[in-house]
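Student: Below you'll find query23.pdb; it's PDB, C-alpha atoms, pLDDT in the B column.
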```pdb
MODEL        1
ATOM      1  CA  MET V   1     150.454  19.852 102.158  1.00 74.00           C
ATOM      2  CA  LYS V   2     152.308  17.856  99.563  1.00 84.00           C
ATOM      3  CA  LEU V   3     154.566  19.764  97.164  1.00 84.00           C
ATOM      4  CA  SER V   4     155.976  18.620  93.866  1.00 89.00           C
ATOM      5  CA  THR V   5     159.708  18.892  93.276  1.00 89.00           C
ATOM      6  CA  ARG V   6     159.132  21.985  91.157  1.00 90.00           C
ATOM      7  CA  GLY V   7     156.948  23.490  93.892  1.00 89.00           C
ATOM      8  CA  ARG V   8     159.564  22.760  96.546  1.00 91.00           C
ATOM      9  CA  TYR V   9     162.301  24.440  94.494  1.00 92.00           C
ATOM     10  CA  ALA V  10     160.034  27.436  93.874  1.00 90.00           C
ATOM     11  CA  VAL V  11     159.343  27.798  97.606  1.00 90.00           C
ATOM     12  CA  MET V  12     163.052  27.529  98.427  1.00 91.00           C
ATOM     13  CA  ALA V  13     163.914  30.121  95.769  1.00 91.00           C
ATOM     14  CA  MET V  14     161.283  32.527  97.090  1.00 90.00           C
ATOM     15  CA  ALA V  15     162.544  32.038 100.643  1.00 90.00           C
ATOM     16  CA  ASP V  16     166.044  32.846  99.392  1.00 89.00           C
ATOM     17  CA  LEU V  17     164.652  35.916  97.621  1.00 88.00           C
ATOM     18  CA  ALA V  18     162.932  37.073 100.817  1.00 86.00           C
ATOM     19  CA  ARG V  19     166.086  36.542 102.853  1.00 86.00           C
ATOM     20  CA  TYR V  20     168.523  38.348 100.577  1.00 81.00           C
ATOM     21  CA  ALA V  21     166.319  41.204  99.334  1.00 74.00           C
ATOM     22  CA  ASP V  22     166.793  44.385 101.337  1.00 64.00           C
ATOM     23  CA  ASP V  23     163.422  45.291 102.869  1.00 54.00           C
ATOM     24  CA  GLY V  24     161.528  42.850 100.652  1.00 48.00           C
ATOM     25  CA  GLN V  25     159.332  44.746  98.218  1.00 51.00           C
ATOM     26  CA  CYS V  26     161.194  48.063  98.336  1.00 55.00           C
ATOM     27  CA  GLY V  27     164.727  46.696  98.363  1.00 64.00           C
ATOM     28  CA  GLU V  28     167.220  45.950  95.668  1.00 79.00           C
ATOM     29  CA  PRO V  29     166.286  43.212  93.226  1.00 87.00           C
ATOM     30  CA  VAL V  30     168.080  39.879  93.557  1.00 89.00           C
ATOM     31  CA  ARG V  31     169.606  38.359  90.417  1.00 91.00           C
ATOM     32  CA  LEU V  32     168.696  34.810  89.494  1.00 92.00           C
ATOM     33  CA  CYS V  33     172.324  33.788  89.088  1.00 92.00           C
ATOM     34  CA  GLU V  34     172.876  34.622  92.779  1.00 91.00           C
ATOM     35  CA  ILE V  35     169.898  32.493  93.832  1.00 91.00           C
ATOM     36  CA  ALA V  36     171.008  29.673  91.508  1.00 92.00           C
ATOM     37  CA  GLY V  37     174.455  29.665  93.117  1.00 92.00           C
ATOM     38  CA  ARG V  38     173.159  29.651  96.678  1.00 91.00           C
ATOM     39  CA  GLN V  39     170.470  27.030  96.027  1.00 89.00           C
ATOM     40  CA  GLU V  40     172.678  24.951  93.691  1.00 91.00           C
ATOM     41  CA  LEU V  41     170.071  25.002  90.925  1.00 90.00           C
ATOM     42  CA  SER V  42     170.416  25.331  87.178  1.00 93.00           C
ATOM     43  CA  LEU V  43     169.945  28.929  86.043  1.00 93.00           C
ATOM     44  CA  SER V  44     167.729  27.877  83.132  1.00 94.00           C
ATOM     45  CA  TYR V  45     165.489  25.842  85.466  1.00 93.00           C
ATOM     46  CA  LEU V  46     165.259  28.789  87.850  1.00 94.00           C
ATOM     47  CA  GLU V  47     164.329  31.089  84.948  1.00 93.00           C
ATOM     48  CA  GLN V  48     161.429  28.758  84.118  1.00 94.00           C
ATOM     49  CA  LEU V  49     160.267  28.745  87.734  1.00 94.00           C
ATOM     50  CA  PHE V  50     160.419  32.522  88.042  1.00 93.00           C
ATOM     51  CA  ALA V  51     158.511  32.991  84.786  1.00 94.00           C
ATOM     52  CA  LYS V  52     155.624  31.048  86.367  1.00 94.00           C
ATOM     53  CA  LEU V  53     155.969  32.914  89.669  1.00 92.00           C
ATOM     54  CA  ARG V  54     155.886  36.234  87.794  1.00 93.00           C
ATOM     55  CA  ARG V  55     152.758  35.226  85.854  1.00 93.00           C
ATOM     56  CA  GLY V  56     151.204  34.156  89.157  1.00 91.00           C
ATOM     57  CA  GLY V  57     151.833  37.584  90.655  1.00 91.00           C
ATOM     58  CA  LEU V  58     154.202  36.376  93.380  1.00 91.00           C
ATOM     59  CA  VAL V  59     157.365  38.109  92.158  1.00 91.00           C
ATOM     60  CA  VAL V  60     158.100  41.277  90.205  1.00 91.00           C
ATOM     61  CA  ALA V  61     160.885  41.534  87.637  1.00 90.00           C
ATOM     62  CA  ALA V  62     163.143  44.576  87.403  1.00 87.00           C
ATOM     63  CA  ARG V  63     164.941  45.011  84.099  1.00 88.00           C
ATOM     64  CA  GLY V  64     168.232  46.667  83.344  1.00 85.00           C
ATOM     65  CA  PRO V  65     171.769  46.580  84.735  1.00 85.00           C
ATOM     66  CA  GLY V  66     170.596  46.533  88.360  1.00 80.00           C
ATOM     67  CA  GLY V  67     167.713  44.194  87.583  1.00 84.00           C
ATOM     68  CA  GLY V  68     166.525  41.009  89.145  1.00 87.00           C
ATOM     69  CA  TYR V  69     163.475  39.876  91.067  1.00 90.00           C
ATOM     70  CA  ARG V  70     161.628  41.106  94.154  1.00 88.00           C
ATOM     71  CA  LEU V  71     158.672  39.703  96.037  1.00 89.00           C
ATOM     72  CA  ALA V  72     155.382  41.208  94.870  1.00 87.00           C
ATOM     73  CA  ARG V  73     154.112  41.387  98.473  1.00 86.00           C
ATOM     74  CA  PRO V  74     155.927  41.517 101.813  1.00 83.00           C
ATOM     75  CA  ALA V  75     157.291  38.132 102.875  1.00 78.00           C
ATOM     76  CA  GLY V  76     154.927  37.941 105.860  1.00 79.00           C
ATOM     77  CA  GLU V  77     151.907  38.145 103.563  1.00 82.00           C
ATOM     78  CA  THR V  78     153.028  35.404 101.168  1.00 79.00           C
ATOM     79  CA  ARG V  79     151.868  31.861 101.874  1.00 77.00           C
ATOM     80  CA  ILE V  80     153.158  28.564 100.478  1.00 75.00           C
ATOM     81  CA  ALA V  81     149.663  27.794  99.219  1.00 69.00           C
ATOM     82  CA  ASP V  82     149.884  30.842  96.923  1.00 70.00           C
TER      83      ASP V  82
ENDMDL
END
```
What do you get writing this file as structure tokens?
Tutor:
Amino acid sequence: MKLSTRGRYAVMAMADLARYADDGQCGEPVRLCEIAGRQELSLSYLEQLFAKLRRGGLVVAARGPGGGYRLARPAGETRIAD
């Protein structure tokens, strides 16, 4: 499977999200600024990627002071092709 640069960054960001979220779907949301720092990506670029991932149903946004993003499904059920 051939991935675009945007697709590769999205996959890496989701892998980071799966790794650092406590218990995946039920855990604490991960903030984008944390992912941006670990992956060395621009926060604005990451916001654009996660907007598409949210519309695609792959991640769920949590608003508020403790907000961030979580995977919509457990990590084991999410495929790169999604």
Student: Name the residues captured by the PyMOL selection byres ((chain V and resi 69-74) around 6) when it is applied to the shown file; answer as a PDB file with C-alpha atoms, in the frame of the given file.
Tutor:
```pdb
ATOM      1  CA  GLY V  24     161.528  42.850 100.652  1.00 48.00           C
ATOM      2  CA  GLN V  25     159.332  44.746  98.218  1.00 51.00           C
ATOM      3  CA  PRO V  29     166.286  43.212  93.226  1.00 87.00           C
ATOM      4  CA  VAL V  30     168.080  39.879  93.557  1.00 89.00           C
ATOM      5  CA  LEU V  58     154.202  36.376  93.380  1.00 91.00           C
ATOM      6  CA  VAL V  59     157.365  38.109  92.158  1.00 91.00           C
ATOM      7  CA  VAL V  60     158.100  41.277  90.205  1.00 91.00           C
ATOM      8  CA  ALA V  61     160.885  41.534  87.637  1.00 90.00           C
ATOM      9  CA  ALA V  62     163.143  44.576  87.403  1.00 87.00           C
ATOM     10  CA  GLY V  68     166.525  41.009  89.145  1.00 87.00           C
ATOM     11  CA  ALA V  75     157.291  38.132 102.875  1.00 78.00           C
ATOM     12  CA  GLY V  76     154.927  37.941 105.860  1.00 79.00           C
ATOM     13  CA  GLU V  77     151.907  38.145 103.563  1.00 82.00           C
TER      14      GLU V  77
END
```
Student: Just give me the residues with any atom within 12 Å of (170.2, 32.3, 93.0), file coordinates, counting all atoms listed in the file, written as a ChimeraX atom specification.
Tutor: /V:9-10,12-21,29-47,49-50,68-69
Student: Tell me, in Å to one decimal, how far CA of Thr78 (chain V) is from CA of Arg63 (chain V).
Tutor: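 We find that CA of Thr78 (chain V) and CA of Arg63 (chain V) lie 22.9 Å from each other.
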Student: In Å to one decimal, how far is CA of Val11 (chain V) from CA of Ala51 (chain V)?
Tutor: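 Distance reported for this atom pair: 13.9 Å.
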Student: One number please: CA of Gly57 (chain V) to CA of Asp82 (chain V), in Å, one decimal.
Tutor: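 Between CA of Gly57 (chain V) and CA of Asp82 (chain V) the gap works out to 9.4 Å.
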